[in-house]
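Asks: This is the content of run33.cif (mmCIF, C-alpha atoms, pLDDT in the B column; chains and numbers go by the auth columns):
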data_upload
#
loop_
_atom_site.group_PDB
_atom_site.id
_atom_site.type_symbol
_atom_site.label_atom_id
_atom_site.label_comp_id
_atom_site.label_asym_id
_atom_site.label_seq_id
_atom_site.Cartn_x
_atom_site.Cartn_y
_atom_site.Cartn_z
_atom_site.B_iso_or_equiv
_atom_site.auth_seq_id
_atom_site.auth_asym_id
ATOM 1 C CA ALA A 1 -16.908 -3.852 -2.580 78.00 15 A
ATOM 2 C CA GLN A 2 -14.106 -1.362 -2.933 86.00 16 A
ATOM 3 C CA LYS A 3 -12.043 -0.843 -6.032 91.00 17 A
ATOM 4 C CA VAL A 4 -9.321 1.533 -7.150 94.00 18 A
ATOM 5 C CA THR A 5 -8.374 1.954 -10.781 96.00 19 A
ATOM 6 C CA GLN A 6 -5.171 3.532 -11.995 96.00 20 A
ATOM 7 C CA ALA A 7 -5.484 3.272 -15.741 95.00 21 A
ATOM 8 C CA GLN A 8 -2.034 4.664 -16.479 96.00 22 A
ATOM 9 C CA THR A 9 0.485 1.863 -16.158 94.00 23 A
ATOM 10 C CA GLU A 10 3.525 3.938 -17.061 96.00 24 A
ATOM 11 C CA ILE A 11 4.155 7.606 -17.779 97.00 25 A
ATOM 12 C CA SER A 12 7.369 9.124 -19.068 97.00 26 A
ATOM 13 C CA VAL A 13 8.012 12.847 -18.938 97.00 27 A
ATOM 14 C CA VAL A 14 10.934 15.164 -19.343 97.00 28 A
ATOM 15 C CA GLU A 15 12.142 17.020 -16.287 97.00 29 A
ATOM 16 C CA LYS A 16 10.227 20.222 -15.512 97.00 30 A
ATOM 17 C CA GLU A 17 7.081 18.991 -17.209 97.00 31 A
ATOM 18 C CA ASP A 18 3.859 18.805 -15.212 97.00 32 A
ATOM 19 C CA VAL A 19 2.288 15.369 -14.918 97.00 33 A
ATOM 20 C CA THR A 20 -1.065 14.148 -13.608 98.00 34 A
ATOM 21 C CA LEU A 21 -1.638 10.662 -12.278 98.00 35 A
ATOM 22 C CA ASP A 22 -5.223 9.500 -12.455 98.00 36 A
ATOM 23 C CA CYS A 23 -7.125 7.576 -9.790 98.00 37 A
ATOM 24 C CA VAL A 24 -10.742 6.456 -9.960 98.00 38 A
ATOM 25 C CA TYR A 25 -12.373 4.676 -7.053 97.00 39 A
ATOM 26 C CA GLU A 26 -15.533 2.725 -6.298 94.00 40 A
ATOM 27 C CA THR A 27 -17.226 2.292 -2.952 92.00 41 A
ATOM 28 C CA ARG A 28 -20.753 2.081 -1.606 90.00 42 A
ATOM 29 C CA ASP A 29 -19.785 3.731 1.660 90.00 43 A
ATOM 30 C CA THR A 30 -20.510 7.389 2.253 89.00 44 A
ATOM 31 C CA THR A 31 -17.558 7.696 4.628 88.00 45 A
ATOM 32 C CA TYR A 32 -14.255 6.750 3.116 91.00 46 A
ATOM 33 C CA TYR A 33 -10.645 7.840 2.876 91.00 47 A
ATOM 34 C CA LEU A 34 -8.357 8.182 -0.087 93.00 48 A
ATOM 35 C CA PHE A 35 -4.579 7.968 -0.035 94.00 49 A
ATOM 36 C CA TRP A 36 -1.579 8.332 -2.276 96.00 50 A
ATOM 37 C CA TYR A 37 1.662 6.487 -1.643 95.00 51 A
ATOM 38 C CA LYS A 38 5.010 6.725 -3.414 96.00 52 A
ATOM 39 C CA GLN A 39 7.225 3.685 -3.906 94.00 53 A
ATOM 40 C CA PRO A 40 10.738 4.722 -4.983 93.00 54 A
ATOM 41 C CA PRO A 41 13.219 2.172 -6.355 89.00 55 A
ATOM 42 C CA SER A 42 14.283 1.382 -2.787 86.00 56 A
ATOM 43 C CA GLY A 43 10.897 -0.299 -2.369 85.00 57 A
ATOM 44 C CA GLU A 44 9.536 1.282 0.776 86.00 58 A
ATOM 45 C CA LEU A 45 6.086 2.801 0.442 91.00 59 A
ATOM 46 C CA VAL A 46 5.973 6.430 1.512 92.00 60 A
ATOM 47 C CA PHE A 47 2.714 8.042 2.579 92.00 61 A
ATOM 48 C CA LEU A 48 1.923 11.267 0.689 94.00 62 A
ATOM 49 C CA ILE A 49 -1.620 12.313 1.513 91.00 63 A
ATOM 50 C CA ARG A 50 -4.918 11.250 3.046 90.00 64 A
ATOM 51 C CA ARG A 51 -8.310 12.823 2.304 90.00 65 A
ATOM 52 C CA ASN A 52 -11.716 12.007 3.729 89.00 66 A
ATOM 53 C CA SER A 53 -14.893 11.849 1.710 91.00 67 A
ATOM 54 C CA PHE A 54 -16.373 14.938 3.305 89.00 68 A
ATOM 55 C CA ASP A 55 -13.558 17.240 2.329 85.00 69 A
ATOM 56 C CA GLU A 56 -13.401 17.976 -1.368 84.00 70 A
ATOM 57 C CA GLN A 57 -11.073 20.909 -1.000 83.00 71 A
ATOM 58 C CA ASN A 58 -8.062 20.508 -3.211 84.00 72 A
ATOM 59 C CA GLU A 59 -4.703 20.426 -1.525 86.00 73 A
ATOM 60 C CA ILE A 60 -1.302 21.691 -2.523 87.00 74 A
ATOM 61 C CA SER A 61 1.977 20.739 -0.915 88.00 75 A
ATOM 62 C CA GLY A 62 4.962 22.216 -2.647 93.00 76 A
ATOM 63 C CA ARG A 63 5.071 20.782 -6.166 94.00 77 A
ATOM 64 C CA TYR A 64 2.361 18.260 -5.358 95.00 78 A
ATOM 65 C CA SER A 65 -1.363 18.896 -5.648 94.00 79 A
ATOM 66 C CA TRP A 66 -4.420 16.707 -5.405 94.00 80 A
ATOM 67 C CA ASN A 67 -7.813 17.145 -7.048 94.00 81 A
ATOM 68 C CA PHE A 68 -10.635 15.256 -5.305 94.00 82 A
ATOM 69 C CA GLN A 69 -13.957 15.166 -7.176 94.00 83 A
ATOM 70 C CA LYS A 70 -16.743 13.054 -5.734 93.00 84 A
ATOM 71 C CA SER A 71 -18.920 13.663 -8.794 93.00 85 A
ATOM 72 C CA THR A 72 -16.490 11.655 -10.914 95.00 86 A
ATOM 73 C CA SER A 73 -15.131 9.454 -8.076 96.00 87 A
ATOM 74 C CA SER A 74 -11.642 10.640 -8.850 96.00 88 A
ATOM 75 C CA PHE A 75 -8.643 11.630 -6.765 96.00 89 A
ATOM 76 C CA ASN A 76 -5.976 12.761 -9.195 97.00 90 A
ATOM 77 C CA PHE A 77 -2.423 13.698 -8.296 96.00 91 A
ATOM 78 C CA THR A 78 -0.413 16.353 -10.122 96.00 92 A
ATOM 79 C CA ILE A 79 3.308 16.936 -9.884 97.00 93 A
ATOM 80 C CA THR A 80 4.346 20.363 -11.102 96.00 94 A
ATOM 81 C CA ALA A 81 7.786 20.899 -12.617 97.00 95 A
ATOM 82 C CA SER A 82 8.713 17.236 -12.260 97.00 96 A
ATOM 83 C CA GLN A 83 12.190 16.208 -11.206 97.00 97 A
ATOM 84 C CA VAL A 84 14.202 13.028 -11.704 96.00 98 A
ATOM 85 C CA VAL A 85 13.769 12.250 -8.001 95.00 99 A
ATOM 86 C CA ASP A 86 10.030 11.986 -8.598 97.00 100 A
ATOM 87 C CA SER A 87 10.626 8.782 -10.564 97.00 101 A
ATOM 88 C CA ALA A 88 8.771 6.075 -8.670 97.00 102 A
ATOM 89 C CA VAL A 89 5.645 3.987 -8.657 95.00 103 A
ATOM 90 C CA TYR A 90 2.674 5.871 -7.274 97.00 104 A
ATOM 91 C CA PHE A 91 -0.231 4.052 -5.671 96.00 105 A
ATOM 92 C CA CYS A 92 -3.698 5.357 -4.974 96.00 106 A
ATOM 93 C CA ALA A 93 -5.605 3.616 -2.176 94.00 107 A
ATOM 94 C CA LEU A 94 -9.021 3.614 -0.577 92.00 108 A
ATOM 95 C CA SER A 95 -10.361 2.601 2.795 89.00 109 A
ATOM 96 C CA ALA A 96 -13.979 2.737 3.886 84.00 110 A
ATOM 97 C CA THR A 97 -15.846 2.282 7.127 75.00 111 A
ATOM 98 C CA GLY A 98 -17.493 -0.800 5.743 69.00 112 A
ATOM 99 C CA GLY A 99 -14.103 -2.410 5.289 66.00 113 A
ATOM 100 C CA GLY A 100 -12.541 -1.316 8.555 66.00 114 A
ATOM 101 C CA ASN A 101 -9.137 0.168 8.051 68.00 115 A
ATOM 102 C CA LYS A 102 -8.187 -2.139 5.213 79.00 116 A
ATOM 103 C CA LEU A 103 -6.448 -0.314 2.381 85.00 117 A
ATOM 104 C CA THR A 104 -7.390 -1.299 -1.152 88.00 118 A
ATOM 105 C CA PHE A 105 -4.700 -0.278 -3.599 91.00 119 A
ATOM 106 C CA GLY A 106 -4.741 0.456 -7.287 94.00 120 A
ATOM 107 C CA THR A 107 -2.216 -1.286 -9.491 92.00 121 A
ATOM 108 C CA GLY A 108 0.083 1.734 -9.471 94.00 122 A
ATOM 109 C CA THR A 109 1.486 4.106 -12.061 96.00 123 A
ATOM 110 C CA GLN A 110 5.183 3.970 -12.890 96.00 124 A
ATOM 111 C CA LEU A 111 6.445 7.519 -13.390 98.00 125 A
ATOM 112 C CA LYS A 112 9.742 8.026 -15.173 97.00 126 A
ATOM 113 C CA VAL A 113 11.185 11.507 -15.228 97.00 127 A
ATOM 114 C CA GLU A 114 14.092 11.910 -17.618 96.00 128 A
ATOM 115 C CA LEU A 115 16.585 14.694 -18.119 93.00 129 A
ATOM 116 C CA GLY B 1 12.158 1.722 16.636 54.00 24 B
ATOM 117 C CA ALA B 2 11.347 4.714 14.496 77.00 25 B
ATOM 118 C CA GLY B 3 9.637 2.774 11.739 92.00 26 B
ATOM 119 C CA VAL B 4 8.173 -0.585 10.804 95.00 27 B
ATOM 120 C CA SER B 5 10.884 -3.215 10.781 96.00 28 B
ATOM 121 C CA GLN B 6 10.725 -6.418 8.775 97.00 29 B
ATOM 122 C CA SER B 7 13.050 -9.389 8.813 97.00 30 B
ATOM 123 C CA PRO B 8 14.646 -10.946 6.976 97.00 31 B
ATOM 124 C CA SER B 9 15.027 -8.450 4.173 95.00 32 B
ATOM 125 C CA ASN B 10 15.669 -11.277 1.730 97.00 33 B
ATOM 126 C CA LYS B 11 14.822 -14.949 1.929 98.00 34 B
ATOM 127 C CA VAL B 12 15.578 -17.694 -0.557 98.00 35 B
ATOM 128 C CA THR B 13 13.940 -21.015 0.159 98.00 36 B
ATOM 129 C CA GLU B 14 13.438 -24.314 -1.568 97.00 37 B
ATOM 130 C CA LYS B 15 10.036 -25.281 -2.841 97.00 38 B
ATOM 131 C CA GLY B 16 8.130 -27.203 -0.193 98.00 39 B
ATOM 132 C CA LYS B 17 9.857 -25.634 2.800 98.00 40 B
ATOM 133 C CA ASP B 18 8.111 -23.489 5.391 98.00 41 B
ATOM 134 C CA VAL B 19 9.103 -19.846 5.942 98.00 42 B
ATOM 135 C CA GLU B 20 8.410 -17.301 8.648 98.00 43 B
ATOM 136 C CA LEU B 21 8.444 -13.571 8.008 98.00 44 B
ATOM 137 C CA ARG B 22 8.579 -11.150 10.910 97.00 45 B
ATOM 138 C CA CYS B 23 7.176 -7.657 11.359 97.00 46 B
ATOM 139 C CA ASP B 24 7.853 -5.236 14.201 96.00 47 B
ATOM 140 C CA PRO B 25 5.299 -2.413 13.974 95.00 48 B
ATOM 141 C CA ILE B 26 5.731 1.134 15.180 93.00 49 B
ATOM 142 C CA SER B 27 5.377 1.241 18.946 90.00 50 B
ATOM 143 C CA GLY B 28 1.824 2.029 19.997 87.00 51 B
ATOM 144 C CA HIS B 29 0.267 1.175 16.647 89.00 52 B
ATOM 145 C CA THR B 30 -2.655 -1.172 17.161 87.00 53 B
ATOM 146 C CA ALA B 31 -3.387 -1.896 13.505 89.00 54 B
ATOM 147 C CA LEU B 32 -1.079 -4.160 11.509 93.00 55 B
ATOM 148 C CA TYR B 33 -1.381 -5.288 7.906 93.00 56 B
ATOM 149 C CA TRP B 34 0.347 -7.722 5.600 96.00 57 B
ATOM 150 C CA TYR B 35 0.387 -7.149 1.857 95.00 58 B
ATOM 151 C CA ARG B 36 2.063 -9.003 -0.987 96.00 59 B
ATOM 152 C CA GLN B 37 3.570 -7.402 -4.052 94.00 60 B
ATOM 153 C CA SER B 38 4.506 -9.637 -6.934 89.00 61 B
ATOM 154 C CA LEU B 39 6.949 -8.436 -9.580 78.00 62 B
ATOM 155 C CA GLY B 40 5.440 -5.534 -11.473 69.00 63 B
ATOM 156 C CA GLN B 41 2.121 -5.936 -9.743 75.00 64 B
ATOM 157 C CA GLY B 42 0.088 -3.905 -7.277 81.00 65 B
ATOM 158 C CA LEU B 43 -0.353 -4.572 -3.599 89.00 66 B
ATOM 159 C CA GLU B 44 -2.447 -7.561 -2.647 91.00 67 B
ATOM 160 C CA PHE B 45 -4.036 -7.462 0.804 91.00 68 B
ATOM 161 C CA LEU B 46 -3.377 -10.552 2.899 95.00 69 B
ATOM 162 C CA ILE B 47 -4.424 -10.011 6.511 95.00 70 B
ATOM 163 C CA TYR B 48 -5.262 -7.218 8.952 91.00 71 B
ATOM 164 C CA PHE B 49 -5.014 -7.125 12.749 91.00 72 B
ATOM 165 C CA GLN B 50 -6.717 -4.403 14.794 86.00 73 B
ATOM 166 C CA GLY B 51 -6.208 -4.472 18.544 84.00 74 B
ATOM 167 C CA ASN B 52 -7.869 -7.443 20.181 83.00 75 B
ATOM 168 C CA SER B 53 -10.419 -7.943 17.421 85.00 76 B
ATOM 169 C CA ALA B 54 -10.459 -11.072 15.313 88.00 77 B
ATOM 170 C CA PRO B 55 -8.112 -10.551 12.356 91.00 78 B
ATOM 171 C CA ASP B 56 -9.458 -10.013 8.855 90.00 79 B
ATOM 172 C CA LYS B 57 -7.986 -12.988 6.995 93.00 80 B
ATOM 173 C CA SER B 58 -10.012 -12.506 3.848 91.00 81 B
ATOM 174 C CA GLY B 59 -6.950 -11.890 1.684 92.00 82 B
ATOM 175 C CA LEU B 60 -4.966 -15.002 2.517 96.00 83 B
ATOM 176 C CA PRO B 61 -4.622 -16.887 -0.804 95.00 84 B
ATOM 177 C CA SER B 62 -4.653 -20.409 0.615 95.00 85 B
ATOM 178 C CA ASP B 63 -4.561 -22.361 3.868 96.00 86 B
ATOM 179 C CA ARG B 64 -0.788 -22.572 3.516 98.00 87 B
ATOM 180 C CA PHE B 65 -0.702 -18.963 4.674 98.00 88 B
ATOM 181 C CA SER B 66 -1.242 -17.958 8.289 97.00 89 B
ATOM 182 C CA ALA B 67 -0.307 -15.067 10.523 97.00 90 B
ATOM 183 C CA GLU B 68 -0.326 -14.276 14.169 95.00 91 B
ATOM 184 C CA ARG B 69 0.305 -11.261 16.281 94.00 92 B
ATOM 185 C CA THR B 70 1.648 -11.838 19.748 85.00 93 B
ATOM 186 C CA GLY B 71 0.998 -9.396 22.573 81.00 94 B
ATOM 187 C CA GLY B 72 -0.529 -6.924 20.174 76.00 95 B
ATOM 188 C CA SER B 73 2.875 -6.082 18.762 90.00 96 B
ATOM 189 C CA VAL B 74 5.141 -8.333 16.688 95.00 97 B
ATOM 190 C CA SER B 75 3.550 -10.294 13.870 97.00 98 B
ATOM 191 C CA THR B 76 4.721 -13.399 12.051 97.00 99 B
ATOM 192 C CA LEU B 77 3.495 -14.442 8.615 98.00 100 B
ATOM 193 C CA THR B 78 4.022 -18.139 7.972 98.00 101 B
ATOM 194 C CA ILE B 79 3.911 -19.799 4.587 98.00 102 B
ATOM 195 C CA GLN B 80 3.889 -23.577 4.657 98.00 103 B
ATOM 196 C CA ARG B 81 5.035 -25.825 1.813 98.00 104 B
ATOM 197 C CA THR B 82 6.149 -22.860 -0.256 98.00 105 B
ATOM 198 C CA GLN B 83 5.468 -22.807 -3.980 97.00 106 B
ATOM 199 C CA GLN B 84 7.197 -20.824 -6.705 96.00 107 B
ATOM 200 C CA GLU B 85 4.160 -18.591 -7.091 94.00 108 B
ATOM 201 C CA ASP B 86 4.688 -17.453 -3.502 96.00 109 B
ATOM 202 C CA SER B 87 7.760 -15.536 -4.654 96.00 110 B
ATOM 203 C CA ALA B 88 7.052 -11.870 -3.999 97.00 111 B
ATOM 204 C CA VAL B 89 7.840 -8.983 -1.694 96.00 112 B
ATOM 205 C CA TYR B 90 5.858 -9.239 1.515 97.00 113 B
ATOM 206 C CA LEU B 91 5.099 -5.854 3.026 96.00 114 B
ATOM 207 C CA CYS B 92 4.000 -5.115 6.548 96.00 115 B
ATOM 208 C CA ALA B 93 2.377 -1.870 7.662 94.00 116 B
ATOM 209 C CA SER B 94 1.055 -0.440 10.895 92.00 117 B
ATOM 210 C CA SER B 95 -1.163 2.476 11.804 88.00 118 B
ATOM 211 C CA SER B 96 -2.010 4.353 14.973 82.00 119 B
ATOM 212 C CA PRO B 97 -5.228 4.126 16.934 65.00 120 B
ATOM 213 C CA THR B 98 -5.867 7.861 16.923 56.00 121 B
ATOM 214 C CA GLY B 99 -8.680 7.674 14.444 55.00 122 B
ATOM 215 C CA LEU B 100 -10.396 5.501 11.930 57.00 123 B
ATOM 216 C CA ASN B 101 -8.532 5.133 8.685 64.00 124 B
ATOM 217 C CA THR B 102 -5.312 6.845 9.678 75.00 125 B
ATOM 218 C CA GLU B 103 -2.428 6.427 7.286 83.00 126 B
ATOM 219 C CA ALA B 104 -0.427 3.232 7.341 87.00 127 B
ATOM 220 C CA PHE B 105 3.355 3.214 7.569 91.00 128 B
ATOM 221 C CA PHE B 106 5.125 0.486 5.651 93.00 129 B
ATOM 222 C CA GLY B 107 8.270 -1.480 6.271 94.00 130 B
ATOM 223 C CA GLN B 108 10.816 -2.138 3.558 93.00 131 B
ATOM 224 C CA GLY B 109 9.487 -5.603 2.952 95.00 132 B
ATOM 225 C CA THR B 110 10.829 -9.125 2.797 97.00 133 B
ATOM 226 C CA ARG B 111 11.742 -10.351 -0.672 96.00 134 B
ATOM 227 C CA LEU B 112 10.890 -14.043 -0.800 97.00 135 B
ATOM 228 C CA THR B 113 12.266 -16.193 -3.578 97.00 136 B
ATOM 229 C CA VAL B 114 11.149 -19.809 -3.845 97.00 137 B
ATOM 230 C CA VAL B 115 13.464 -21.923 -5.982 97.00 138 B
#
Before anything else, please render the file you have as structure tokens.
Replies:
Amino acid sequence: AQKVTQAQTEISVVEKEDVTLDCVYETRDTTYYLFWYKQPPSGELVFLIRRNSFDEQNEISGRYSWNFQKSTSSFNFTITASQVVDSAVYFCALSATGGGNKLTFGTGTQLKVEL
Amino acid sequence: GAGVSQSPSNKVTEKGKDVELRCDPISGHTALYWYRQSLGQGLEFLIYFQGNSAPDKSGLPSDRFSAERTGGSVSTLTIQRTQQEDSAVYLCASSSPTGLNTEAFFGQGTRLTVV
């Protein structure tokens, strides 16, 4: 079975603060993929990043960075110098070879960035 | 089109009526998913189509729910004898065949309200 846990239901920060969104996953597969999606108030889910289980190298894209640690089954997402436009619900997701291409989502973290 | 298109964007129906929700995936994408998002909740997997393979229907909540995909492209999700608990946003996503577990692109969803 596959499971994704996002323990943080809601986070509020002040603009320019750094914020980390936690994601912990469970799978018995050795080959799997992890994803982050952003859901702004408009509702459409926007793909942010995909990582495979064999690549633990951290990734940085502008103000976004991701820390993948297999030892703790975590795939955390950090936004540096947050902005109001970052306010959204962020979903972590997992897919594994055992489950085909089916994405299993966490329950999401609502991020509110205030001035 | 450039993205995944869903119609209608909003649907209000009376309890007990049948509804059909439509999804036009990105051209060339062989994988198509349906998810449901209830108010303030995460994404619940419903059904997954991949090419000509038998669909994964393991997420359908009851036999009132069914989906088909004609010609490997457009998909229709049908809910029979709608109930109030069916009220949710129904999201469709598609992904390309270029590799296992490629990212899924989501439509803007159909907001279904059962009154």
Asks: Since I can't run it myself right now, could you work out what the PyMOL selection byres ((chain A and resi 90) around 9) selects here and report it as a PDB file with C-alpha atoms, keeping the file's coordinate frame?
Replies:
ATOM      1  CA  THR A  34      -1.065  14.148 -13.608  1.00 98.00           C
ATOM      2  CA  LEU A  35      -1.638  10.662 -12.278  1.00 98.00           C
ATOM      3  CA  ASP A  36      -5.223   9.500 -12.455  1.00 98.00           C
ATOM      4  CA  CYS A  37      -7.125   7.576  -9.790  1.00 98.00           C
ATOM      5  CA  VAL A  38     -10.742   6.456  -9.960  1.00 98.00           C
ATOM      6  CA  SER A  79      -1.363  18.896  -5.648  1.00 94.00           C
ATOM      7  CA  TRP A  80      -4.420  16.707  -5.405  1.00 94.00           C
ATOM      8  CA  ASN A  81      -7.813  17.145  -7.048  1.00 94.00           C
ATOM      9  CA  PHE A  82     -10.635  15.256  -5.305  1.00 94.00           C
ATOM     10  CA  GLN A  83     -13.957  15.166  -7.176  1.00 94.00           C
ATOM     11  CA  SER A  88     -11.642  10.640  -8.850  1.00 96.00           C
ATOM     12  CA  PHE A  89      -8.643  11.630  -6.765  1.00 96.00           C
ATOM     13  CA  PHE A  91      -2.423  13.698  -8.296  1.00 96.00           C
ATOM     14  CA  THR A  92      -0.413  16.353 -10.122  1.00 96.00           C
ATOM     15  CA  CYS A 106      -3.698   5.357  -4.974  1.00 96.00           C
TER      16      CYS A 106
END
Asks: Of the candidates A:Leu48, A:Leu129, A:Ile25, A:Leu117, which one gets nearest to Val103 (chain A) if we count all atoms listed in the file?
Replies: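 Between A:Leu48, A:Leu129, A:Ile25, A:Leu117, the residue approaching Val103 (chain A) most closely is A:Ile25.
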Asks: Compute the set of chain B residues within 9 Å of chain A, using only C-alpha atoms, and express it as a list in words.
Replies: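 Interface list for chain B against chain A: Ala54, Tyr56, Gly63, Gln64, Gly65, Leu66, Glu67, Phe68, Ile70, Tyr71, Gln73, Asp79, Leu114, Leu123, Asn124, Thr125, Glu126, Ala127, Phe128, Phe129, Gly130, Gln131 and Gly132 of chain B.
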Asks: Keeping C-alpha atoms for every residue in the selection just given, could you write it to a file as a CSV table (one decimal), in the frame of the given file?
Replies:
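Done, and the output landed in result13.csv:
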chain,number,residue,atom,x,y,z
B,54,ALA,CA,-3.4,-1.9,13.5
B,56,TYR,CA,-1.4,-5.3,7.9
B,63,GLY,CA,5.4,-5.5,-11.5
B,64,GLN,CA,2.1,-5.9,-9.7
B,65,GLY,CA,0.1,-3.9,-7.3
B,66,LEU,CA,-0.4,-4.6,-3.6
B,67,GLU,CA,-2.4,-7.6,-2.6
B,68,PHE,CA,-4.0,-7.5,0.8
B,70,ILE,CA,-4.4,-10.0,6.5
B,71,TYR,CA,-5.3,-7.2,9.0
B,73,GLN,CA,-6.7,-4.4,14.8
B,79,ASP,CA,-9.5,-10.0,8.9
B,114,LEU,CA,5.1,-5.9,3.0
B,123,LEU,CA,-10.4,5.5,11.9
B,124,ASN,CA,-8.5,5.1,8.7
B,125,THR,CA,-5.3,6.8,9.7
B,126,GLU,CA,-2.4,6.4,7.3
B,127,ALA,CA,-0.4,3.2,7.3
B,128,PHE,CA,3.4,3.2,7.6
B,129,PHE,CA,5.1,0.5,5.7
B,130,GLY,CA,8.3,-1.5,6.3
B,131,GLN,CA,10.8,-2.1,3.6
B,132,GLY,CA,9.5,-5.6,3.0
Asks: What gap, in Å, lies between CA of Leu135 (chain B) and CA of Phe88 (chain B)?
Replies: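 Separating CA of Leu135 (chain B) from CA of Phe88 (chain B) is a distance of 13.7 Å.
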Asks: What lies within 10 Å of region 108-113 of chain B using all atoms listed in the file, ignoring chain neighbours under 3 positions off, as number ranges by chain?
Replies: A: 57; B: 29, 32-36, 38, 44-45, 57-64, 66-67, 69, 84, 88, 100, 102, 104-105, 130-138
Asks: Using Å and a single decimal, report how far CA of Ala77 (chain B) sits from CA of Glu91 (chain B).
Replies: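 We find that CA of Glu91 (chain B) and CA of Ala77 (chain B) lie 10.7 Å from each other.
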Asks: Kindly indicate which residue among B:Thr101, B:Gly94, B:Ala116, B:Leu83 lies nearest to Lys40 (chain B), using all atoms listed in the file for the distances.
Replies: B:Thr101
Asks: How far is it from CA of Ile49 (chain B) to CA of Gly26 (chain B), in Å with one decimal?
Replies: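 Distance between the two atoms: 5.5 Å.
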